[in-house]
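Enquirer: Contents of query-v9.cif (mmCIF, C-alpha atoms and all ligand atoms) are below:
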```cif
data_protein
loop_
_atom_site.label_atom_id
_atom_site.label_comp_id
_atom_site.auth_asym_id
_atom_site.auth_seq_id
_atom_site.Cartn_x
_atom_site.Cartn_y
_atom_site.Cartn_z
CA MET A 1 7.47 7.37 33.98
CA PRO A 2 7.29 6.13 30.34
CA LEU A 3 5.62 8.06 27.51
CA VAL A 4 1.83 8.06 27.95
CA ASN A 5 -1.18 8.26 25.63
CA THR A 6 -3.82 11.01 25.88
CA ILE A 7 -6.64 9.13 27.63
CA GLU A 8 -6.05 9.98 31.27
CA MET A 9 -4.67 13.44 30.44
CA PHE A 10 -7.82 14.38 28.52
CA GLU A 11 -10.19 12.89 31.10
CA LYS A 12 -8.63 15.07 33.79
CA ALA A 13 -8.46 18.13 31.52
CA TYR A 14 -12.12 17.80 30.54
CA LYS A 15 -13.26 17.52 34.13
CA GLY A 16 -10.86 20.21 35.34
CA GLY A 17 -11.75 22.82 32.69
CA TYR A 18 -8.27 23.18 31.27
CA ALA A 19 -6.41 22.04 28.13
CA ILE A 20 -3.10 20.32 27.46
CA GLY A 21 -0.64 22.21 25.28
CA ALA A 22 0.48 20.33 22.18
CA PHE A 23 3.70 21.96 21.07
CA ASN A 24 5.51 21.15 17.82
CA CYS A 25 9.15 20.04 18.11
CA ASN A 26 11.82 20.14 15.45
CA ASN A 27 15.09 20.21 17.39
CA MET A 28 16.70 19.65 20.78
CA GLU A 29 16.41 23.23 22.00
CA ILE A 30 12.65 23.29 21.35
CA VAL A 31 12.16 19.95 23.15
CA GLN A 32 14.17 21.25 26.12
CA ALA A 33 12.39 24.61 26.23
CA ILE A 34 8.93 23.02 26.25
CA THR A 35 9.64 20.28 28.75
CA GLU A 36 11.65 22.46 31.15
CA ALA A 37 8.80 24.97 31.12
CA ALA A 38 6.27 22.19 31.75
CA LYS A 39 8.42 20.85 34.58
CA GLU A 40 8.62 24.25 36.27
CA CYS A 41 4.84 24.61 35.94
CA ASN A 42 4.14 21.02 37.08
CA SER A 43 2.14 20.47 33.89
CA PRO A 44 1.50 17.48 31.63
CA VAL A 45 2.47 18.16 28.01
CA ILE A 46 2.14 16.82 24.46
CA LEU A 47 5.16 16.95 22.17
CA GLN A 48 4.06 16.67 18.58
CA VAL A 49 5.99 15.95 15.46
CA SER A 50 4.85 16.76 11.90
CA ALA A 51 5.91 15.01 8.69
CA GLY A 52 8.07 18.09 8.05
CA ALA A 53 9.76 17.69 11.45
CA ARG A 54 10.46 14.01 10.69
CA LYS A 55 12.03 15.01 7.40
CA TYR A 56 14.09 17.79 9.01
CA ALA A 57 15.38 16.03 12.12
CA LYS A 58 14.90 12.30 11.29
CA PRO A 59 12.38 10.24 13.30
CA VAL A 60 15.03 8.50 15.39
CA TYR A 61 16.48 11.78 16.69
CA LEU A 62 13.07 13.15 17.61
CA LYS A 63 12.11 9.96 19.42
CA LYS A 64 15.36 9.83 21.39
CA MET A 65 15.17 13.52 22.31
CA VAL A 66 11.63 13.11 23.61
CA GLU A 67 12.70 10.02 25.58
CA ALA A 68 15.55 12.09 27.02
CA ALA A 69 13.03 14.75 28.08
CA VAL A 70 10.92 12.09 29.83
CA GLU A 71 14.00 10.87 31.68
CA ASP A 72 15.12 14.41 32.51
CA THR A 73 11.78 15.72 33.79
CA GLY A 74 9.82 12.65 34.96
CA LEU A 75 6.69 14.30 33.49
CA PRO A 76 3.77 12.53 31.82
CA ILE A 77 4.59 13.29 28.16
CA VAL A 78 2.70 12.21 25.03
CA LEU A 79 4.66 11.74 21.80
CA HIS A 80 2.12 12.56 19.09
CA LEU A 81 2.14 12.56 15.29
CA ASP A 82 0.73 15.87 14.02
CA HIS A 83 -1.32 15.80 10.78
CA GLY A 84 -0.63 12.25 9.65
CA ALA A 85 -1.74 12.29 6.03
CA ASP A 86 -2.31 8.56 5.51
CA PHE A 87 -2.39 5.14 7.18
CA GLU A 88 1.29 4.45 6.38
CA ILE A 89 2.78 7.38 8.30
CA CYS A 90 0.49 6.62 11.27
CA LYS A 91 1.56 2.95 11.22
CA ASP A 92 5.20 3.94 11.01
CA CYS A 93 4.87 6.18 14.08
CA ILE A 94 2.84 3.61 16.04
CA ASP A 95 5.44 0.92 15.26
CA GLY A 96 8.17 3.41 16.19
CA GLY A 97 6.87 4.05 19.71
CA PHE A 98 4.60 7.09 19.40
CA THR A 99 1.86 7.02 22.02
CA SER A 100 -0.65 9.04 19.98
CA VAL A 101 -1.25 9.85 16.31
CA MET A 102 -3.41 12.20 14.30
CA ILE A 103 -4.90 10.93 11.07
CA ASP A 104 -5.88 14.00 9.10
CA CYS A 105 -8.15 13.16 6.18
CA SER A 106 -10.25 16.25 6.75
CA SER A 107 -9.79 17.46 3.17
CA ARG A 108 -11.14 14.15 1.78
CA PRO A 109 -14.82 13.24 1.31
CA PHE A 110 -16.67 12.25 4.51
CA GLU A 111 -16.83 8.51 3.74
CA GLU A 112 -13.14 8.37 2.82
CA ASN A 113 -12.22 10.25 6.00
CA ILE A 114 -14.24 7.69 7.99
CA ALA A 115 -12.71 4.66 6.24
CA ILE A 116 -9.07 5.73 6.68
CA THR A 117 -9.58 7.02 10.23
CA ARG A 118 -11.25 3.72 11.21
CA LYS A 119 -8.35 1.74 9.75
CA VAL A 120 -5.84 3.80 11.77
CA CYS A 121 -7.94 3.41 14.93
CA GLU A 122 -8.12 -0.37 14.52
CA TYR A 123 -4.36 -0.59 14.17
CA ALA A 124 -3.55 1.90 16.94
CA HIS A 125 -6.01 0.46 19.46
CA ALA A 126 -4.81 -3.12 18.90
CA HIS A 127 -1.27 -1.98 19.67
CA LYS A 128 0.11 -2.77 23.10
CA PRO A 129 0.15 -0.33 24.83
CA TYR A 130 -2.98 1.33 23.35
CA VAL A 131 -2.14 4.25 21.05
CA THR A 132 -4.69 7.09 20.97
CA VAL A 133 -5.97 8.55 17.69
CA GLU A 134 -7.00 12.12 16.92
CA ALA A 135 -9.09 12.71 13.79
CA GLU A 136 -10.38 15.86 12.10
CA LEU A 137 -13.65 17.09 10.64
CA GLY A 138 -13.77 20.45 8.85
CA THR A 139 -10.78 22.20 7.27
CA LEU A 140 -8.61 25.03 8.53
CA ALA A 141 -7.08 27.68 6.30
CA GLY A 142 -3.28 27.85 6.16
CA ILE A 143 -0.35 25.58 5.42
CA GLU A 144 0.49 22.19 6.90
CA ASP A 145 3.33 20.49 5.11
CA GLU A 146 2.27 20.03 1.48
CA VAL A 147 -1.41 20.92 1.99
CA LYS A 148 -2.27 24.59 1.54
CA VAL A 149 -5.86 25.71 2.08
CA GLU A 150 -6.53 29.27 0.90
CA HIS A 151 -8.54 31.67 3.05
CA GLY A 152 -12.11 31.32 1.83
CA ALA A 153 -11.68 27.61 0.97
CA GLU A 154 -11.73 26.49 4.61
CA SER A 155 -14.93 24.96 6.01
CA TYR A 156 -16.31 24.92 9.53
CA THR A 157 -17.09 21.57 11.13
CA LYS A 158 -20.74 20.61 10.72
CA PRO A 159 -21.98 19.62 14.19
CA GLU A 160 -24.57 17.28 12.69
CA ASP A 161 -21.72 15.05 11.37
CA VAL A 162 -19.77 14.51 14.57
CA GLU A 163 -21.73 11.74 16.32
CA GLU A 164 -21.75 9.51 13.25
CA PHE A 165 -18.06 10.21 12.61
CA VAL A 166 -16.92 9.39 16.14
CA LYS A 167 -19.14 6.32 16.39
CA ARG A 168 -18.06 4.85 13.05
CA THR A 169 -14.34 5.60 13.40
CA GLY A 170 -13.74 4.94 17.10
CA CYS A 171 -11.38 7.92 17.33
CA ASP A 172 -10.29 9.10 20.79
CA SER A 173 -10.43 12.85 20.15
CA LEU A 174 -11.67 15.14 17.41
CA ALA A 175 -10.14 18.29 15.91
CA ILE A 176 -12.76 20.74 14.72
CA ALA A 177 -12.70 23.88 12.59
CA ILE A 178 -14.23 26.89 14.34
CA GLY A 179 -12.24 29.70 12.73
CA THR A 180 -8.63 29.04 13.76
CA SER A 181 -6.03 28.50 11.02
CA HIS A 182 -2.38 27.56 10.72
CA GLY A 183 0.53 29.98 10.58
CA ALA A 184 1.24 33.53 11.75
CA TYR A 185 -1.20 35.19 9.32
CA LYS A 186 -4.45 33.61 10.40
CA PHE A 187 -6.81 36.25 9.13
CA LYS A 188 -6.67 38.50 6.11
CA PRO A 189 -6.76 42.21 7.02
CA GLU A 190 -10.22 42.48 5.40
CA GLN A 191 -11.56 39.84 7.83
CA CYS A 192 -10.41 41.97 10.78
CA THR A 193 -11.12 45.39 12.21
CA ARG A 194 -8.19 47.72 12.86
CA ASP A 195 -7.66 49.24 16.31
CA PRO A 196 -7.64 52.98 15.53
CA LYS A 197 -5.19 53.72 18.40
CA THR A 198 -2.52 51.09 17.73
CA GLY A 199 -3.18 50.27 14.07
CA LYS A 200 -3.15 46.56 15.01
CA LEU A 201 -5.58 44.07 13.49
CA LEU A 202 -8.36 42.67 15.68
CA PRO A 203 -9.51 39.26 14.37
CA PRO A 204 -13.11 38.01 14.18
CA PRO A 205 -14.24 35.84 17.14
CA LEU A 206 -14.07 32.05 16.99
CA ARG A 207 -17.35 30.17 16.37
CA PHE A 208 -18.07 29.10 19.93
CA ASP A 209 -21.61 28.23 18.85
CA ILE A 210 -20.15 25.34 16.80
CA LEU A 211 -17.94 24.17 19.67
CA GLU A 212 -20.89 24.22 22.07
CA GLU A 213 -23.13 22.30 19.67
CA VAL A 214 -20.39 19.71 19.05
CA SER A 215 -19.87 19.17 22.77
CA ARG A 216 -23.62 18.96 23.36
CA ARG A 217 -23.70 16.11 20.82
CA LEU A 218 -20.54 14.46 22.21
CA PRO A 219 -20.75 14.84 25.98
CA GLY A 220 -17.44 14.24 27.73
CA PHE A 221 -15.58 13.75 24.43
CA PRO A 222 -12.23 15.59 24.06
CA ILE A 223 -12.08 18.25 21.36
CA VAL A 224 -8.86 19.55 19.79
CA LEU A 225 -8.06 22.99 18.42
CA HIS A 226 -5.39 23.35 15.76
CA GLY A 227 -4.00 26.65 14.58
CA SER A 228 -4.07 28.12 18.07
CA SER A 229 -1.08 30.42 18.12
CA SER A 230 -1.87 33.93 19.30
CA VAL A 231 1.02 35.67 17.50
CA ASN A 232 1.97 37.51 20.69
CA GLN A 233 2.79 41.10 19.79
CA GLU A 234 5.86 41.32 22.04
CA TYR A 235 7.72 38.75 19.92
CA VAL A 236 6.59 40.31 16.64
CA ASP A 237 7.88 43.65 17.92
CA ILE A 238 11.26 42.19 18.91
CA ILE A 239 11.61 40.51 15.51
CA ASN A 240 10.71 43.69 13.65
CA ALA A 241 12.98 45.83 15.86
CA HIS A 242 15.93 43.60 14.95
CA GLY A 243 15.70 43.43 11.18
CA GLY A 244 12.62 41.24 10.70
CA LYS A 245 9.63 42.10 8.59
CA LEU A 246 6.36 40.64 9.83
CA VAL A 247 3.54 42.86 8.64
CA ASP A 248 -0.06 42.32 9.76
CA ALA A 249 0.68 38.97 11.42
CA VAL A 250 -2.37 38.07 13.51
CA GLY A 251 -3.38 35.14 15.71
CA VAL A 252 -6.18 33.90 17.95
CA PRO A 253 -6.59 36.09 21.06
CA GLU A 254 -5.47 34.24 24.17
CA GLU A 255 -8.66 34.95 26.13
CA GLN A 256 -10.65 33.05 23.48
CA LEU A 257 -8.35 30.04 23.85
CA ARG A 258 -8.70 30.22 27.64
CA HIS A 259 -12.47 30.16 27.17
CA ALA A 260 -12.23 27.14 24.83
CA ALA A 261 -10.04 25.34 27.39
CA ARG A 262 -12.78 25.75 30.00
CA LEU A 263 -15.25 24.09 27.61
CA ALA A 264 -14.69 20.74 25.83
CA VAL A 265 -11.30 21.61 24.29
CA CYS A 266 -8.67 19.36 25.88
CA LYS A 267 -5.76 19.87 23.43
CA ILE A 268 -4.55 23.17 22.01
CA ASN A 269 -1.93 23.09 19.23
CA ILE A 270 0.80 25.71 19.21
CA ASP A 271 3.65 25.90 16.75
CA SER A 272 3.90 29.36 15.14
CA ASP A 273 4.22 31.07 18.54
CA LEU A 274 7.27 28.91 19.31
CA ARG A 275 8.79 29.83 15.96
CA LEU A 276 8.23 33.53 16.66
CA ALA A 277 9.77 33.30 20.15
CA MET A 278 12.82 31.40 18.84
CA THR A 279 13.27 33.90 16.00
CA ALA A 280 12.91 36.87 18.39
CA GLY A 281 15.62 35.49 20.69
CA ILE A 282 18.04 34.78 17.87
CA ARG A 283 17.47 38.05 15.98
CA GLU A 284 17.88 40.09 19.15
CA HIS A 285 21.05 38.20 20.03
CA PHE A 286 22.62 38.74 16.61
CA ASP A 287 21.75 42.42 16.66
CA GLU A 288 23.13 42.96 20.17
CA HIS A 289 26.21 40.76 19.77
CA PRO A 290 27.40 41.00 16.16
CA GLU A 291 30.76 39.55 17.24
CA HIS A 292 29.26 36.24 18.43
CA PHE A 293 29.45 33.11 16.32
CA ASP A 294 28.91 30.28 18.84
CA PRO A 295 25.48 28.71 18.12
CA ARG A 296 25.05 27.90 21.81
CA GLN A 297 24.90 31.64 22.49
CA TYR A 298 22.23 32.64 19.96
CA VAL A 299 20.25 29.40 19.84
CA GLY A 300 20.45 29.42 23.64
CA ASP A 301 18.70 32.80 23.68
CA GLY A 302 16.04 31.41 21.32
CA ARG A 303 15.53 28.50 23.71
CA LYS A 304 15.19 30.91 26.65
CA TYR A 305 12.42 32.84 24.87
CA VAL A 306 10.58 29.64 23.87
CA LYS A 307 10.70 28.45 27.47
CA GLU A 308 9.28 31.75 28.77
CA LEU A 309 6.53 31.61 26.15
CA VAL A 310 5.54 28.02 27.04
CA LYS A 311 5.37 28.92 30.75
CA HIS A 312 3.09 31.81 29.87
CA LYS A 313 0.84 29.56 27.73
CA ILE A 314 0.59 26.90 30.44
CA THR A 315 -0.28 29.31 33.25
CA GLU A 316 -2.27 32.02 31.46
CA VAL A 317 -3.94 30.25 28.53
CA LEU A 318 -4.15 26.46 28.99
CA GLY A 319 -4.54 26.36 32.78
CA SER A 320 -2.63 23.04 32.93
CA ASN A 321 -0.19 24.16 35.66
CA ASP A 322 -0.09 22.15 38.89
CA LYS A 323 -2.14 19.34 37.41
CA ILE A 324 0.25 16.45 38.10
O1 LIG B 401 0.10 22.27 11.51
C1 LIG B 401 1.22 22.54 11.12
C2 LIG B 401 2.35 22.65 12.09
O2 LIG B 401 2.60 24.00 12.36
C3 LIG B 401 3.56 21.93 11.57
O3 LIG B 401 4.21 22.70 10.61
O4 LIG B 401 4.48 21.04 8.77
O5 LIG B 401 5.89 23.12 8.87
O6 LIG B 401 6.25 21.25 10.51
P1 LIG B 401 5.28 21.97 9.61
P1 LIG B 402 -0.23 27.35 14.71
O1 LIG B 402 0.31 27.61 13.34
O2 LIG B 402 -1.34 28.30 15.04
O3 LIG B 402 0.81 27.38 15.76
O4 LIG B 402 -0.90 25.90 14.71
C1 LIG B 402 -0.13 24.76 14.95
C2 LIG B 402 -0.87 23.50 14.69
O5 LIG B 402 -2.08 23.44 14.56
C3 LIG B 402 -0.08 22.28 14.59
O6 LIG B 402 -0.85 21.19 14.24
ZN ZN B 403 -2.51 21.69 12.97
#
```
Step by step, read the file and then write its structure as structure tokens.

Expert:
Amino acid sequence: MPLVNTIEMFEKAYKGGYAIGAFNCNNMEIVQAITEAAKECNSPVILQVSAGARKYAKPVYLKKMVEAAVEDTGLPIVLHLDHGADFEICKDCIDGGFTSVMIDCSSRPFEENIAITRKVCEYAHAHKPYVTVEAELGTLAGIEDEVKVEHGAESYTKPEDVEEFVKRTGCDSLAIAIGTSHGAYKFKPEQCTRDPKTGKLLPPPLRFDILEEVSRRLPGFPIVLHGSSSVNQEYVDIINAHGGKLVDAVGVPEEQLRHAARLAVCKINIDSDLRLAMTAGIREHFDEHPEHFDPRQYVGDGRKYVKELVKHKITEVLGSNDKI
């Protein structure tokens, strides 16, 4: 099966009350971990590539590795550009064989966001085969490549804007801001309550009222959640037990993501959790085997942890297992 776009995947996910995992890839081991996990779970999957990943690994390597994963697993896989900042990077990816792109002009004024998103949609939809386009309304806190949005400067999506935006741009899916943010420190300690027994931070709930109002206004339309890592404590503990120092890292509780997946959310973006799992595997390996110096040994342990994590996400959070 060749690479696919998101249309059929999202239609099935919407109707079935589950979401597709969109996992960020930067190297071969991450591509293998995600796609082997998806294969074992019989799940469709989105592999997404940021501008930073393109700079790190070179576009041609990423494309060929994803093609290798398609050949290896036979799964329906989407190759998606994550957070495309302008028309040019989207065009470059569309011309280079991506089956889906995100144009992210969410930090620009509404009319500018519409104009650039529409231009990308016109180009992507005229492409043969049709390339799907994700757009964004509302801004998340955190860091994506060069754009850093401080906590407090983020803004929730305004539901009253979404119908006009989707109609005028022609986008195929819409990322909205309902309280998630990028990175492993999603909430400042003062935004959270602290569990008196464990001392761990408990984050504020996501704004499901906004999600519900958006989906009421856009019936059947696929919604995307960025910044959806949960910062699973077991990996933070492994990292900290083996020389790391992650203090007060906090993510989105998995049960809230599961709830979102049952509603209109068809795509859930996860990157930081993969980074934490990879780091946990490598740190633990170095600590337990100080005599090792073969990268296949320690990176291999990182890959094993990422694979376990992705299987957990697919079966316990996204609900996309056995959907092929
Ligand atoms: O949304 C941001 C993703 O986690 C990608 O991160 O730009 O560091 O590759 P990156
Ligand atoms: P996390 O930092 O929560 O993993 O978010 C990733 C993301 O939104 C990629 O676009
Ligand atoms: Zn994102």

Enquirer: Which residues of chain A have any atom within 10 Å of an atom in ligand LIG 402 (chain B) when counting only C-alpha atoms and all ligand atoms, and what is the closest pair of atoms for each, with the distance in Å to one decimal? Order the rows by chain and rising number and write it as a Markdown table.

Expert:
```
| residue | atom | partner | partner_atom | distance |
| --- | --- | --- | --- | --- |
| A:Ala22 | CA | B:LIG402 | C3 | 7.9 |
| A:Phe23 | CA | B:LIG402 | C3 | 7.5 |
| A:Asn24 | CA | B:LIG402 | C3 | 6.6 |
| A:Gln48 | CA | B:LIG402 | O6 | 8.0 |
| A:Val49 | CA | B:LIG402 | O6 | 8.7 |
| A:Ser50 | CA | B:LIG402 | O6 | 7.6 |
| A:Leu81 | CA | B:LIG402 | O6 | 9.2 |
| A:Asp82 | CA | B:LIG402 | O6 | 5.6 |
| A:His83 | CA | B:LIG402 | O6 | 6.4 |
| A:Met102 | CA | B:LIG402 | O6 | 9.3 |
| A:Leu140 | CA | B:LIG402 | O5 | 9.0 |
| A:Gly142 | CA | B:LIG402 | O1 | 8.0 |
| A:Ile143 | CA | B:LIG402 | O1 | 8.2 |
| A:Glu144 | CA | B:LIG402 | O6 | 7.5 |
| A:Ala175 | CA | B:LIG402 | O5 | 9.7 |
| A:Thr180 | CA | B:LIG402 | O2 | 7.4 |
| A:Ser181 | CA | B:LIG402 | O2 | 6.2 |
| A:His182 | CA | B:LIG402 | O1 | 3.8 |
| A:Gly183 | CA | B:LIG402 | O1 | 3.6 |
| A:Ala184 | CA | B:LIG402 | O1 | 6.2 |
| A:Tyr185 | CA | B:LIG402 | O1 | 8.7 |
| A:Lys186 | CA | B:LIG402 | O2 | 7.7 |
| A:Val224 | CA | B:LIG402 | O5 | 9.4 |
| A:Leu225 | CA | B:LIG402 | O5 | 7.1 |
| A:His226 | CA | B:LIG402 | O5 | 3.5 |
| A:Gly227 | CA | B:LIG402 | O2 | 3.2 |
| A:Ser228 | CA | B:LIG402 | O2 | 4.1 |
| A:Ser229 | CA | B:LIG402 | O2 | 3.7 |
| A:Ser230 | CA | B:LIG402 | O2 | 7.1 |
| A:Val231 | CA | B:LIG402 | O2 | 8.1 |
| A:Val250 | CA | B:LIG402 | O2 | 9.9 |
| A:Gly251 | CA | B:LIG402 | O2 | 7.2 |
| A:Val252 | CA | B:LIG402 | O2 | 8.0 |
| A:Ile268 | CA | B:LIG402 | O5 | 7.9 |
| A:Asn269 | CA | B:LIG402 | C2 | 4.7 |
| A:Ile270 | CA | B:LIG402 | O3 | 3.8 |
| A:Asp271 | CA | B:LIG402 | O3 | 3.4 |
| A:Ser272 | CA | B:LIG402 | O3 | 3.7 |
| A:Asp273 | CA | B:LIG402 | O3 | 5.7 |
| A:Leu274 | CA | B:LIG402 | O3 | 7.5 |
| A:Arg275 | CA | B:LIG402 | O3 | 8.4 |
| A:Leu276 | CA | B:LIG402 | O3 | 9.7 |
```

Enquirer: Pick out the residues sitting within 6 Å of stretch 25-34 of chain A, and hand them over as a list in words; count only C-alpha atoms, and ignore anything fewer than 5 positions along from it in its own chain.

Expert: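 In the requested form, the answer reads Val49, Ala53, Arg303, Val306 and Lys307 of chain A.
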
Enquirer: What is the distance, in Å and to one decimal place, between atom CA of A:Leu309 and atom CA of A:Met278?

Expert: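 Separation between atom CA of A:Leu309 and atom CA of A:Met278: 9.6 Å.
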
Enquirer: Mind pulling up the distance from atom CA of A:Tyr130 to atom CA of A:Ser100?

Expert: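 These two atoms are separated by 8.7 Å.
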
Enquirer: Considering all atoms listed in the file, can you say which of A:Glu112, A:Glu136, A:Asp172, A:Glu254 comes closest to ligand ZN 403 (chain B)?

Expert: A:Glu136

Enquirer: Using all atoms listed in the file, pick whichever of A:Lys167, A:Lys55, A:His242, A:Lys12 has the shortest atom-to-atom distance to A:Glu284.

Expert: A:His242

Enquirer: For A:Ala85, work out the shell of residues within 8 Å, counting all atoms listed in the file and skipping chain neighbours fewer than 5 positions away, then give it as a count of residues only.

Expert: 3

Enquirer: Between A:Gly52, A:Gly16, A:Pro253, A:Pro44, which is the closest to ligand LIG 401 (chain B) once you count only C-alpha atoms and all ligand atoms?

Expert: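 Counting only C-alpha atoms and all ligand atoms, the residue closest to ligand LIG 401 (chain B) is A:Gly52.
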
Enquirer: So what do you get for atom CA of A:Glu8 versus atom CA of A:Glu122, distance-wise?

Expert: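 Between these atoms lies a distance of 19.8 Å.
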
Enquirer: Which residue is closest to ligand ZN 403 (chain B)? Choose from A:Lys267, A:His259, A:Lys158, A:Lys200 and count all atoms listed in the file.

Expert: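 Comparing A:Lys267, A:His259, A:Lys158, A:Lys200 against ligand ZN 403 (chain B), the winner is A:Lys267.
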